[in-house]
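Shown next: entry37.cif, containing mmCIF, C-alpha atoms.
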data_query
loop_
_atom_site.group_PDB
_atom_site.id
_atom_site.type_symbol
_atom_site.label_atom_id
_atom_site.label_comp_id
_atom_site.auth_asym_id
_atom_site.auth_seq_id
_atom_site.Cartn_x
_atom_site.Cartn_y
_atom_site.Cartn_z
ATOM 1 C CA MET A 191 -27.021 1.377 17.854
ATOM 2 C CA TYR A 192 -23.982 1.163 15.636
ATOM 3 C CA LYS A 193 -23.004 1.609 12.003
ATOM 4 C CA MET A 194 -20.041 -0.142 10.409
ATOM 5 C CA ILE A 195 -18.037 -0.343 7.196
ATOM 6 C CA GLY A 196 -18.426 -3.736 5.552
ATOM 7 C CA GLY A 197 -15.962 -5.763 3.554
ATOM 8 C CA ASP A 198 -17.568 -4.459 0.372
ATOM 9 C CA GLY A 199 -16.991 -0.851 1.439
ATOM 10 C CA VAL A 200 -20.696 -0.351 2.189
ATOM 11 C CA GLN A 201 -22.014 1.039 5.476
ATOM 12 C CA TYR A 202 -24.082 -1.439 7.490
ATOM 13 C CA GLY A 203 -26.561 -0.502 10.192
ATOM 14 C CA PRO A 204 -27.844 0.771 12.397
ATOM 15 C CA VAL A 205 -27.401 -2.561 14.229
ATOM 16 C CA THR A 206 -27.461 -3.484 17.881
ATOM 17 C CA ALA A 207 -24.481 -4.413 20.017
ATOM 18 C CA GLU A 208 -25.806 -7.975 20.128
ATOM 19 C CA GLN A 209 -25.807 -8.155 16.326
ATOM 20 C CA LEU A 210 -22.212 -6.947 16.332
ATOM 21 C CA ARG A 211 -21.260 -9.679 18.796
ATOM 22 C CA GLU A 212 -22.871 -12.265 16.525
ATOM 23 C CA TRP A 213 -20.807 -10.978 13.584
ATOM 24 C CA ILE A 214 -17.676 -11.123 15.728
ATOM 25 C CA ALA A 215 -18.425 -14.751 16.621
ATOM 26 C CA GLU A 216 -18.944 -15.538 12.919
ATOM 27 C CA HIS A 217 -15.612 -13.841 12.039
ATOM 28 C CA ARG A 218 -17.407 -11.198 9.989
ATOM 29 C CA ALA A 219 -16.110 -8.488 12.284
ATOM 30 C CA ASN A 220 -12.800 -8.120 14.075
ATOM 31 C CA ARG A 221 -10.947 -5.553 16.157
ATOM 32 C CA HIS A 222 -10.036 -3.594 12.991
ATOM 33 C CA THR A 223 -13.636 -3.233 11.781
ATOM 34 C CA LEU A 224 -14.583 0.448 11.700
ATOM 35 C CA VAL A 225 -17.732 1.355 13.621
ATOM 36 C CA GLN A 226 -19.611 4.557 14.373
ATOM 37 C CA LEU A 227 -21.577 4.927 17.602
ATOM 38 C CA GLU A 228 -23.839 7.733 16.433
ATOM 39 C CA GLU A 229 -24.433 9.927 13.387
ATOM 40 C CA GLY A 230 -21.538 12.319 12.850
ATOM 41 C CA ALA A 231 -19.263 10.623 15.400
ATOM 42 C CA GLU A 232 -15.737 9.497 14.547
ATOM 43 C CA TRP A 233 -15.252 6.054 13.013
ATOM 44 C CA VAL A 234 -13.158 3.919 15.342
ATOM 45 C CA PRO A 235 -11.786 0.339 15.227
ATOM 46 C CA LEU A 236 -14.033 -2.115 17.048
ATOM 47 C CA GLY A 237 -11.120 -3.141 19.256
ATOM 48 C CA GLN A 238 -11.177 0.263 20.950
ATOM 49 C CA LEU A 239 -14.647 -0.390 22.405
ATOM 50 C CA GLY A 240 -14.328 -2.192 25.712
ATOM 51 C CA GLU A 241 -17.810 -3.708 25.617
ATOM 52 C CA PHE A 242 -16.726 -5.989 22.775
ATOM 53 C CA THR A 243 -13.368 -7.093 24.227
ATOM 54 C CA GLU A 244 -14.657 -10.424 25.537
ATOM 55 C CA ALA A 245 -16.335 -11.314 22.239
ATOM 56 C CA LEU A 246 -13.233 -10.324 20.245
ATOM 57 C CA VAL A 247 -10.898 -12.399 22.420
ATOM 58 C CA ALA A 248 -13.156 -15.443 22.139
ATOM 59 C CA ALA A 249 -13.447 -15.064 18.359
ATOM 60 C CA GLU A 250 -9.685 -14.638 17.921
ATOM 61 C CA LYS A 251 -9.047 -17.869 19.828
ATOM 62 C CA THR A 252 -11.477 -19.632 17.522
ATOM 63 C CA TRP A 253 -9.828 -18.021 14.486
ATOM 64 C CA GLU A 254 -6.441 -19.337 15.485
ATOM 65 C CA HIS A 255 -7.443 -22.860 16.543
ATOM 66 C CA ASP A 256 -10.599 -23.849 14.705
ATOM 67 C CA ALA A 257 -9.860 -24.853 11.109
ATOM 68 C CA GLU A 258 -13.526 -25.124 10.211
ATOM 69 C CA ALA A 259 -14.153 -21.544 11.333
ATOM 70 C CA ARG A 260 -11.262 -20.423 9.135
ATOM 71 C CA VAL A 261 -12.864 -21.977 6.046
ATOM 72 C CA VAL A 262 -16.239 -20.406 6.785
ATOM 73 C CA ALA A 263 -14.671 -16.991 7.350
ATOM 74 C CA ASP A 264 -12.673 -17.250 4.154
ATOM 75 C CA GLU A 265 -15.704 -18.179 2.075
ATOM 76 C CA GLY A 266 -17.689 -15.341 3.620
ATOM 77 C CA ALA A 267 -15.058 -12.650 3.195
ATOM 78 C CA GLY A 268 -16.544 -9.501 1.703
ATOM 79 C CA GLU A 269 -20.051 -10.243 3.004
ATOM 80 C CA GLY A 270 -19.613 -8.408 6.298
ATOM 81 C CA PRO A 271 -17.249 -6.036 8.039
ATOM 82 C CA LEU A 272 -13.662 -5.845 6.853
ATOM 83 C CA GLN A 273 -11.555 -8.924 7.489
ATOM 84 C CA CYS A 274 -8.570 -10.734 6.091
ATOM 85 C CA ALA A 275 -8.847 -13.836 3.901
ATOM 86 C CA VAL A 276 -6.934 -16.933 4.982
ATOM 87 C CA ALA A 277 -6.686 -18.669 1.606
ATOM 88 C CA PRO A 278 -3.163 -18.760 0.116
ATOM 89 C CA LEU A 279 -2.319 -15.780 -2.043
ATOM 90 C CA PRO A 280 -2.483 -16.823 -5.738
ATOM 91 C CA VAL A 281 0.558 -14.866 -6.889
ATOM 92 C CA MET A 282 0.394 -15.736 -10.578
ATOM 93 C CA ASP A 283 -3.360 -15.045 -10.716
ATOM 94 C CA CYS A 284 -2.798 -11.571 -9.260
ATOM 95 C CA LEU A 285 -0.114 -10.866 -11.849
ATOM 96 C CA GLY A 286 -2.193 -12.259 -14.704
ATOM 97 C CA GLN A 287 -5.299 -10.321 -13.739
ATOM 98 C CA GLY A 288 -3.223 -7.175 -13.251
ATOM 99 C CA TRP A 289 -1.932 -7.514 -16.819
ATOM 100 C CA ALA A 290 -5.455 -8.237 -18.097
ATOM 101 C CA LEU A 291 -6.765 -5.093 -16.379
ATOM 102 C CA LEU A 292 -4.209 -3.009 -18.282
ATOM 103 C CA GLY A 293 -5.358 -4.614 -21.506
ATOM 104 C CA ARG A 294 -9.021 -3.840 -20.837
ATOM 105 C CA HIS A 295 -8.468 -0.259 -19.632
ATOM 106 C CA PHE A 296 -5.097 0.671 -21.102
ATOM 107 C CA GLY A 297 -5.766 4.372 -21.592
ATOM 108 C CA LEU A 298 -7.147 4.975 -18.110
ATOM 109 C CA THR A 299 -4.719 2.815 -16.132
ATOM 110 C CA VAL A 300 -1.585 3.999 -17.938
ATOM 111 C CA GLY A 301 -2.859 7.568 -18.324
ATOM 112 C CA GLY A 302 -3.702 7.843 -14.626
ATOM 113 C CA ALA A 303 -0.313 6.523 -13.540
ATOM 114 C CA ALA A 304 1.465 8.800 -16.034
ATOM 115 C CA LEU A 305 -0.443 11.877 -14.869
ATOM 116 C CA LEU A 306 0.405 11.135 -11.230
ATOM 117 C CA TRP A 307 4.071 10.572 -12.154
ATOM 118 C CA LEU A 308 4.212 13.807 -14.154
ATOM 119 C CA MET A 309 2.736 15.910 -11.354
ATOM 120 C CA LEU A 310 5.136 14.526 -8.757
ATOM 121 C CA MET A 311 8.115 14.907 -11.102
ATOM 122 C CA MET A 312 7.259 18.548 -11.754
ATOM 123 C CA MET A 313 7.139 19.158 -8.003
ATOM 124 C CA ALA A 314 10.374 17.270 -7.358
ATOM 125 C CA PHE A 315 12.309 19.232 -9.988
ATOM 126 C CA GLY A 316 10.881 22.560 -8.914
ATOM 127 C CA THR A 317 11.956 24.445 -5.847
ATOM 128 C CA CYS A 318 12.697 22.938 -2.445
ATOM 129 C CA ILE A 319 9.164 23.939 -1.477
ATOM 130 C CA GLY A 320 7.879 21.973 -4.470
ATOM 131 C CA GLY A 321 9.657 18.892 -3.176
ATOM 132 C CA MET A 322 8.024 19.310 0.230
ATOM 133 C CA VAL A 323 4.617 19.776 -1.374
ATOM 134 C CA GLY A 324 5.226 16.629 -3.402
ATOM 135 C CA LEU A 325 5.923 14.669 -0.225
ATOM 136 C CA VAL A 326 2.706 15.960 1.362
ATOM 137 C CA VAL A 327 0.441 15.211 -1.619
ATOM 138 C CA SER A 328 2.021 11.895 -2.686
ATOM 139 C CA GLY A 329 -0.161 9.904 -0.295
ATOM 140 C CA PRO A 330 -3.468 11.465 -1.418
ATOM 141 C CA LEU A 331 -2.460 11.187 -5.087
ATOM 142 C CA TYR A 332 -1.479 7.534 -4.798
ATOM 143 C CA GLY A 333 -4.657 7.041 -2.787
ATOM 144 C CA GLY A 334 -6.642 8.494 -5.687
ATOM 145 C CA LEU A 335 -4.850 6.185 -8.118
ATOM 146 C CA THR A 336 -5.730 3.277 -5.830
ATOM 147 C CA VAL A 337 -9.410 4.283 -5.812
ATOM 148 C CA MET A 338 -9.423 4.504 -9.613
ATOM 149 C CA TYR A 339 -7.834 1.069 -10.082
ATOM 150 C CA LEU A 340 -10.118 -0.555 -7.498
ATOM 151 C CA LYS A 341 -13.172 0.830 -9.281
ATOM 152 C CA LEU A 342 -11.959 -0.751 -12.526
ATOM 153 C CA ILE A 343 -11.212 -4.044 -10.757
ATOM 154 C CA ARG A 344 -14.719 -4.054 -9.271
ATOM 155 C CA GLY A 345 -16.401 -3.229 -12.575
ATOM 156 C CA GLN A 346 -17.383 0.286 -11.537
ATOM 157 C CA GLU A 347 -17.171 3.460 -13.573
ATOM 158 C CA ALA A 348 -13.870 5.296 -13.134
ATOM 159 C CA SER A 349 -12.214 8.396 -14.561
ATOM 160 C CA LEU A 350 -9.078 10.497 -14.192
ATOM 161 C CA LYS A 351 -10.991 12.661 -11.712
ATOM 162 C CA ASP A 352 -10.619 9.799 -9.235
ATOM 163 C CA LEU A 353 -6.942 10.754 -8.915
ATOM 164 C CA PHE A 354 -8.097 13.694 -6.802
ATOM 165 C CA SER A 355 -10.885 11.868 -4.975
ATOM 166 C CA SER A 356 -8.803 11.607 -1.792
ATOM 167 C CA PHE A 357 -8.294 15.376 -1.470
ATOM 168 C CA GLY A 358 -10.992 15.537 1.182
ATOM 169 C CA GLU A 359 -11.491 13.857 4.531
ATOM 170 C CA ALA A 360 -8.972 11.147 3.608
ATOM 171 C CA PHE A 361 -6.207 13.673 2.827
ATOM 172 C CA VAL A 362 -4.597 13.758 6.276
ATOM 173 C CA PRO A 363 -4.656 9.969 6.940
ATOM 174 C CA LEU A 364 -3.218 9.301 3.475
ATOM 175 C CA MET A 365 -0.558 11.958 3.950
ATOM 176 C CA LEU A 366 0.364 10.430 7.312
ATOM 177 C CA VAL A 367 0.509 6.853 6.040
ATOM 178 C CA TRP A 368 2.740 7.952 3.159
ATOM 179 C CA VAL A 369 5.059 10.248 5.139
ATOM 180 C CA VAL A 370 5.429 7.956 8.153
ATOM 181 C CA SER A 371 6.021 4.796 6.110
ATOM 182 C CA TRP A 372 8.414 6.658 3.785
ATOM 183 C CA LEU A 373 10.465 8.254 6.554
ATOM 184 C CA VAL A 374 10.726 5.101 8.663
ATOM 185 C CA SER A 375 11.516 2.782 5.740
ATOM 186 C CA GLU A 376 14.065 5.226 4.281
ATOM 187 C CA PHE A 377 15.757 5.401 7.687
ATOM 188 C CA GLY A 378 15.841 1.599 7.689
ATOM 189 C CA LEU A 379 17.377 1.597 4.207
ATOM 190 C CA MET A 380 20.120 3.962 5.332
ATOM 191 C CA ILE A 381 20.944 1.831 8.367
ATOM 192 C CA CYS A 382 21.217 -1.559 6.725
ATOM 193 C CA ILE A 383 18.962 -1.733 3.617
ATOM 194 C CA LEU A 384 17.119 -4.870 4.782
ATOM 195 C CA PRO A 385 15.087 -3.192 7.584
ATOM 196 C CA GLY A 386 13.865 -0.590 5.110
ATOM 197 C CA VAL A 387 12.911 -3.223 2.534
ATOM 198 C CA PHE A 388 11.123 -5.248 5.214
ATOM 199 C CA LEU A 389 9.039 -2.247 6.297
ATOM 200 C CA LYS A 390 8.092 -1.413 2.716
ATOM 201 C CA ILE A 391 6.862 -5.003 2.288
ATOM 202 C CA ILE A 392 4.803 -5.313 5.459
ATOM 203 C CA TRP A 393 3.152 -1.909 4.966
ATOM 204 C CA VAL A 394 2.297 -2.434 1.298
ATOM 205 C CA PHE A 395 -1.484 -2.543 1.974
ATOM 206 C CA GLY A 396 -1.512 0.412 4.373
ATOM 207 C CA LEU A 397 -2.298 3.051 1.773
ATOM 208 C CA PRO A 398 -5.053 1.024 0.020
ATOM 209 C CA LEU A 399 -6.746 0.388 3.372
ATOM 210 C CA VAL A 400 -6.849 4.107 4.104
ATOM 211 C CA ALA A 401 -7.931 5.078 0.578
ATOM 212 C CA ASP A 402 -10.528 2.343 0.217
ATOM 213 C CA VAL A 403 -12.187 1.979 3.636
ATOM 214 C CA ARG A 404 -10.926 5.147 5.369
ATOM 215 C CA MET A 405 -9.109 3.324 8.159
ATOM 216 C CA PRO A 406 -7.042 5.433 10.583
ATOM 217 C CA PHE A 407 -3.502 5.517 9.262
ATOM 218 C CA TRP A 408 -1.816 3.558 12.067
ATOM 219 C CA SER A 409 -4.579 0.937 12.178
ATOM 220 C CA ALA A 410 -4.112 0.495 8.414
ATOM 221 C CA LEU A 411 -0.351 0.014 8.756
ATOM 222 C CA GLU A 412 -0.845 -2.448 11.591
ATOM 223 C CA LEU A 413 -3.496 -4.455 9.735
ATOM 224 C CA SER A 414 -1.243 -4.530 6.671
ATOM 225 C CA ARG A 415 1.622 -5.829 8.825
ATOM 226 C CA GLN A 416 -0.503 -8.573 10.366
ATOM 227 C CA THR A 417 -1.841 -9.621 6.978
ATOM 228 C CA VAL A 418 1.531 -9.737 5.234
ATOM 229 C CA MET A 419 3.229 -11.611 8.063
ATOM 230 C CA ARG A 420 0.676 -14.439 7.715
ATOM 231 C CA GLN A 421 1.767 -14.990 4.090
ATOM 232 C CA PHE A 422 5.100 -13.222 3.972
ATOM 233 C CA LEU A 423 6.861 -15.271 1.290
ATOM 234 C CA PRO A 424 3.973 -15.185 -1.236
ATOM 235 C CA VAL A 425 3.682 -11.404 -0.783
ATOM 236 C CA VAL A 426 7.439 -11.004 -1.279
ATOM 237 C CA GLY A 427 7.212 -13.131 -4.421
ATOM 238 C CA LEU A 428 4.336 -11.028 -5.753
ATOM 239 C CA LEU A 429 6.189 -7.758 -5.132
ATOM 240 C CA LEU A 430 9.407 -9.050 -6.685
ATOM 241 C CA LEU A 431 7.593 -10.080 -9.855
ATOM 242 C CA ALA A 432 5.290 -7.053 -9.995
ATOM 243 C CA TYR A 433 8.195 -4.622 -9.590
ATOM 244 C CA LEU A 434 10.765 -6.763 -11.424
ATOM 245 C CA PRO A 435 11.890 -4.032 -13.884
ATOM 246 C CA LEU A 436 12.435 -1.611 -10.995
ATOM 247 C CA VAL A 437 14.196 -4.252 -8.874
ATOM 248 C CA VAL A 438 16.537 -5.134 -11.755
ATOM 249 C CA PHE A 439 17.313 -1.477 -12.423
ATOM 250 C CA GLU A 440 17.996 -0.684 -8.773
ATOM 251 C CA THR A 441 20.327 -3.683 -8.569
ATOM 252 C CA TYR A 442 22.144 -2.355 -11.633
ATOM 253 C CA ALA A 443 22.237 1.154 -10.096
ATOM 254 C CA LEU A 444 23.808 -0.147 -6.875
ATOM 255 C CA TYR A 445 26.410 -1.970 -8.952
ATOM 256 C CA LYS A 446 27.240 1.163 -10.968
ATOM 257 C CA ILE A 447 27.552 3.297 -7.846
ATOM 258 C CA GLY A 448 29.652 0.638 -6.138
ATOM 259 C CA VAL A 449 32.031 0.436 -9.100
ATOM 260 C CA PHE A 450 32.375 4.238 -9.213
ATOM 261 C CA VAL A 451 33.051 4.549 -5.491
ATOM 262 C CA SER A 452 35.552 1.686 -5.567
ATOM 263 C CA ALA A 453 37.400 3.145 -8.547
ATOM 264 C CA ASN A 454 37.473 6.752 -7.319
ATOM 265 C CA PHE A 455 37.450 6.713 -3.531
ATOM 266 C CA ALA A 456 39.157 3.470 -2.474
ATOM 267 C CA GLY A 457 42.293 4.512 -0.593
ATOM 268 C CA PHE A 458 41.629 8.144 -1.464
ATOM 269 C CA ASN A 459 42.977 10.773 0.902
ATOM 270 C CA PHE A 460 39.884 12.838 1.661
ATOM 271 C CA ASP A 461 41.089 16.402 1.447
ATOM 272 C CA PHE A 462 37.719 18.131 1.217
ATOM 273 C CA SER A 463 39.268 21.385 0.086
ATOM 274 C CA SER A 464 41.220 19.896 -2.807
ATOM 275 C CA ALA A 465 40.231 20.408 -6.432
ATOM 276 C CA GLU A 466 40.579 16.655 -7.052
ATOM 277 C CA PHE A 467 38.021 15.821 -4.368
ATOM 278 C CA ARG A 468 35.556 18.398 -5.697
ATOM 279 C CA GLU A 469 35.976 17.012 -9.209
ATOM 280 C CA LYS A 470 35.307 13.451 -8.022
ATOM 281 C CA MET A 471 32.235 14.600 -6.095
ATOM 282 C CA ASP A 472 30.940 16.450 -9.164
ATOM 283 C CA ASP A 473 31.318 13.253 -11.188
ATOM 284 C CA PHE A 474 29.550 11.264 -8.470
ATOM 285 C CA LEU A 475 26.633 13.713 -8.328
ATOM 286 C CA LYS A 476 26.287 13.611 -12.117
ATOM 287 C CA LEU A 477 26.189 9.810 -12.011
ATOM 288 C CA ALA A 478 23.654 9.798 -9.173
ATOM 289 C CA SER A 479 21.481 12.357 -10.966
ATOM 290 C CA ALA A 480 21.519 10.350 -14.205
ATOM 291 C CA ILE A 481 20.664 7.146 -12.351
ATOM 292 C CA GLY A 482 17.849 8.925 -10.497
ATOM 293 C CA MET A 483 16.276 10.135 -13.748
ATOM 294 C CA GLN A 484 16.570 6.692 -15.322
ATOM 295 C CA GLU A 485 14.988 5.129 -12.229
ATOM 296 C CA GLN A 486 12.010 7.480 -12.490
ATOM 297 C CA PHE A 487 11.407 6.487 -16.109
ATOM 298 C CA VAL A 488 11.571 2.793 -15.158
ATOM 299 C CA LEU A 489 9.043 3.519 -12.396
ATOM 300 C CA LEU A 490 6.744 5.218 -14.920
ATOM 301 C CA LEU A 491 6.780 2.113 -17.120
ATOM 302 C CA ASN A 492 6.408 -0.293 -14.201
ATOM 303 C CA LEU A 493 3.826 1.551 -12.101
ATOM 304 C CA PRO A 494 0.554 0.598 -13.886
ATOM 305 C CA PHE A 495 1.219 -3.165 -13.905
ATOM 306 C CA ALA A 496 2.641 -3.232 -10.371
ATOM 307 C CA THR A 497 -0.251 -1.201 -8.965
ATOM 308 C CA ALA A 498 -2.870 -3.409 -10.613
ATOM 309 C CA SER A 499 -1.194 -6.637 -9.439
ATOM 310 C CA VAL A 500 -0.800 -5.450 -5.841
ATOM 311 C CA LEU A 501 -4.425 -4.289 -5.717
ATOM 312 C CA TYR A 502 -5.638 -7.689 -6.892
ATOM 313 C CA ALA A 503 -3.721 -9.088 -3.918
ATOM 314 C CA TYR A 504 -5.443 -6.478 -1.757
ATOM 315 C CA GLU A 505 -8.807 -7.659 -3.079
ATOM 316 C CA HIS A 506 -7.864 -11.244 -2.248
ATOM 317 C CA PHE A 507 -6.971 -10.422 1.334
ATOM 318 C CA PHE A 508 -9.615 -7.851 2.192
ATOM 319 C CA LYS A 509 -12.445 -7.787 -0.355
ATOM 320 C CA ARG A 510 -12.696 -10.975 -2.376
ATOM 321 C CA THR A 511 -14.265 -9.321 -5.440
ATOM 322 C CA PRO A 512 -16.650 -11.848 -7.057
ATOM 323 C CA GLY A 513 -15.227 -13.372 -10.208
ATOM 324 C CA GLN A 514 -11.680 -12.220 -9.435
ATOM 325 C CA VAL A 515 -8.952 -13.811 -7.338
ATOM 326 C CA ASN A 516 -10.147 -16.892 -5.439
#

Starting from the file, give its structure as structure tokens.
Amino acid sequence: MYKMIGGDGVQYGPVTAEQLREWIAEHRANRHTLVQLEEGAEWVPLGQLGEFTEALVAAEKTWEHDAEARVVADEGAGEGPLQCAVAPLPVMDCLGQGWALLGRHFGLTVGGAALLWLMLMMMAFGTCIGGMVGLVVSGPLYGGLTVMYLKLIRGQEASLKDLFSSFGEAFVPLMLVWVVSWLVSEFGLMICILPGVFLKIIWVFGLPLVADVRMPFWSALELSRQTVMRQFLPVVGLLLLAYLPLVVFETYALYKIGVFVSANFAGFNFDFSSAEFREKMDDFLKLASAIGMQEQFVLLLNLPFATASVLYAYEHFFKRTPGQVN
């Protein structure tokens, strides 16, 4: 007998293996569906269980080639184990409903985002240890913010206490999804910018999947990648519009830094021991520090709307909340 986590976040079961195979055939379960073999056992993706491999392969072939099955699965999303919707992402609807959510719950949405921002800023501007602590708790805190926003989107009762709701069994997976995605994408940004941006885009739903349905961190990142790659351009468009103030500011920041470097270091003889070099570096660090502070304030203003819009997209792909994005 098995238990599973459904598309509505509810546990289903106990059910038999045969019932699971029927759900797989109906596209209500896939290899990413979390199942539990017995009470107290670890939740694992269905794809890790060899007895369902044949059914999963057959269902995936149908998913790819049978248009009628796609429509049925899309209409049924949210009625069974976790799956991904195939309907086109309605970018403007996600943005509009994100803005409407802020209007209906302004104090809670903005207050929650501001409290998270304040806590992380206090850690970042504390000691070096504070910065490390901030990196460790960022995932669980953003996971708590995600839980709070999803409750509001789904018409459930929410409070600021939800910010700390992931400081339990989900703490480690959320920490891992945040740290791994941050380190890898930042490395990509340093190499050539575009690889880092690409990774940030394809992993955008990783943290919500861990916070919402407690997926293992790597399974969440992989499912996010697969989902985004199916509708890459609409997701990029949504993120550009949702984070437009931050995108505009970062473009301006790159321009300012480029102008400074060009004016002060082009053709400069780098004598690291010279007073002139130290003076130029002091000026550069002051500029970078000022830009960093300004960027954080832009993030504070942008975070509530961007978070709400992205989570409506998450609902479209994974939950299909009744009465929301269609």

- Just so the selection is clear, what residues does the PyMOL selection byres ((chain A and resi 477) around 12) cover here, as an NGL selection string? :A and (443-444 or 446-451 or 470-476 or 478-484)

Dump C-alpha atoms for the selected residues as a PDB file, keeping the file's coordinate frame?
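Dumped to again_0.pdb:
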ATOM      1  CA  ALA A 443      22.237   1.154 -10.096  1.00  0.00           C
ATOM      2  CA  LEU A 444      23.808  -0.147  -6.875  1.00  0.00           C
ATOM      3  CA  LYS A 446      27.240   1.163 -10.968  1.00  0.00           C
ATOM      4  CA  ILE A 447      27.552   3.297  -7.846  1.00  0.00           C
ATOM      5  CA  GLY A 448      29.652   0.638  -6.138  1.00  0.00           C
ATOM      6  CA  VAL A 449      32.031   0.436  -9.100  1.00  0.00           C
ATOM      7  CA  PHE A 450      32.375   4.238  -9.213  1.00  0.00           C
ATOM      8  CA  VAL A 451      33.051   4.549  -5.491  1.00  0.00           C
ATOM      9  CA  LYS A 470      35.307  13.451  -8.022  1.00  0.00           C
ATOM     10  CA  MET A 471      32.235  14.600  -6.095  1.00  0.00           C
ATOM     11  CA  ASP A 472      30.940  16.450  -9.164  1.00  0.00           C
ATOM     12  CA  ASP A 473      31.318  13.253 -11.188  1.00  0.00           C
ATOM     13  CA  PHE A 474      29.550  11.264  -8.470  1.00  0.00           C
ATOM     14  CA  LEU A 475      26.633  13.713  -8.328  1.00  0.00           C
ATOM     15  CA  LYS A 476      26.287  13.611 -12.117  1.00  0.00           C
ATOM     16  CA  ALA A 478      23.654   9.798  -9.173  1.00  0.00           C
ATOM     17  CA  SER A 479      21.481  12.357 -10.966  1.00  0.00           C
ATOM     18  CA  ALA A 480      21.519  10.350 -14.205  1.00  0.00           C
ATOM     19  CA  ILE A 481      20.664   7.146 -12.351  1.00  0.00           C
ATOM     20  CA  GLY A 482      17.849   8.925 -10.497  1.00  0.00           C
ATOM     21  CA  MET A 483      16.276  10.135 -13.748  1.00  0.00           C
ATOM     22  CA  GLN A 484      16.570   6.692 -15.322  1.00  0.00           C
TER      23      GLN A 484
END

Padded axis-aligned box of segment 389-405 of chain A (5 Å per side), centre and edge lengths, Å, one decimal, as JSON:
{"center_x": -1.6, "center_y": -0.1, "center_z": 4.1, "size_x": 31.2, "size_y": 20.5, "size_z": 18.1}

If the PyMOL selection byres ((chain A and resi 429) around 12) were run on this exact file, what residues would it hold? Put them as number ranges by chain.
A: 281-282, 284-285, 387-388, 390-392, 394-395, 418, 422-428, 430-437, 492-493, 495-503

* **Resolved residues for the PyMOL selection byres ((chain A and resi 336) around 9) as an MDAnalysis selection string** => chainID A and resid 331:335 337:341 352:353 397:398 401:402 497:498 501

Here atom CA of Glu212 of chain A and atom CA of Ala245 of chain A stand apart by 8.7 Å

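Candidate residues A:Ala231, A:Phe507, A:Pro494, A:His222 were compared for distance to Glu412 of chain A, and the nearest is A:His222, using all atoms listed in the file.
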
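Between atom CA of Ala215 of chain A and atom CA of Ala248 of chain A there is a distance of 7.7 Å.
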
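Between atom CA of Phe357 of chain A and atom CA of Glu228 of chain A lies a distance of 24.9 Å.
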
Of A:Phe455, A:Tyr192, A:Phe487, A:Tyr504, the one sitting nearest Ala303 of chain A when using all atoms listed in the file is A:Phe487

| query | Which protein, DNA or RNA residues are at most 10 Å from (-8.6, 1.1, 8.4) in the file's coordinates when you count all atoms listed in the file, listed as a ChimeraX atom specification? | reply | /A:195,222-224,233-235,272,363,396-414
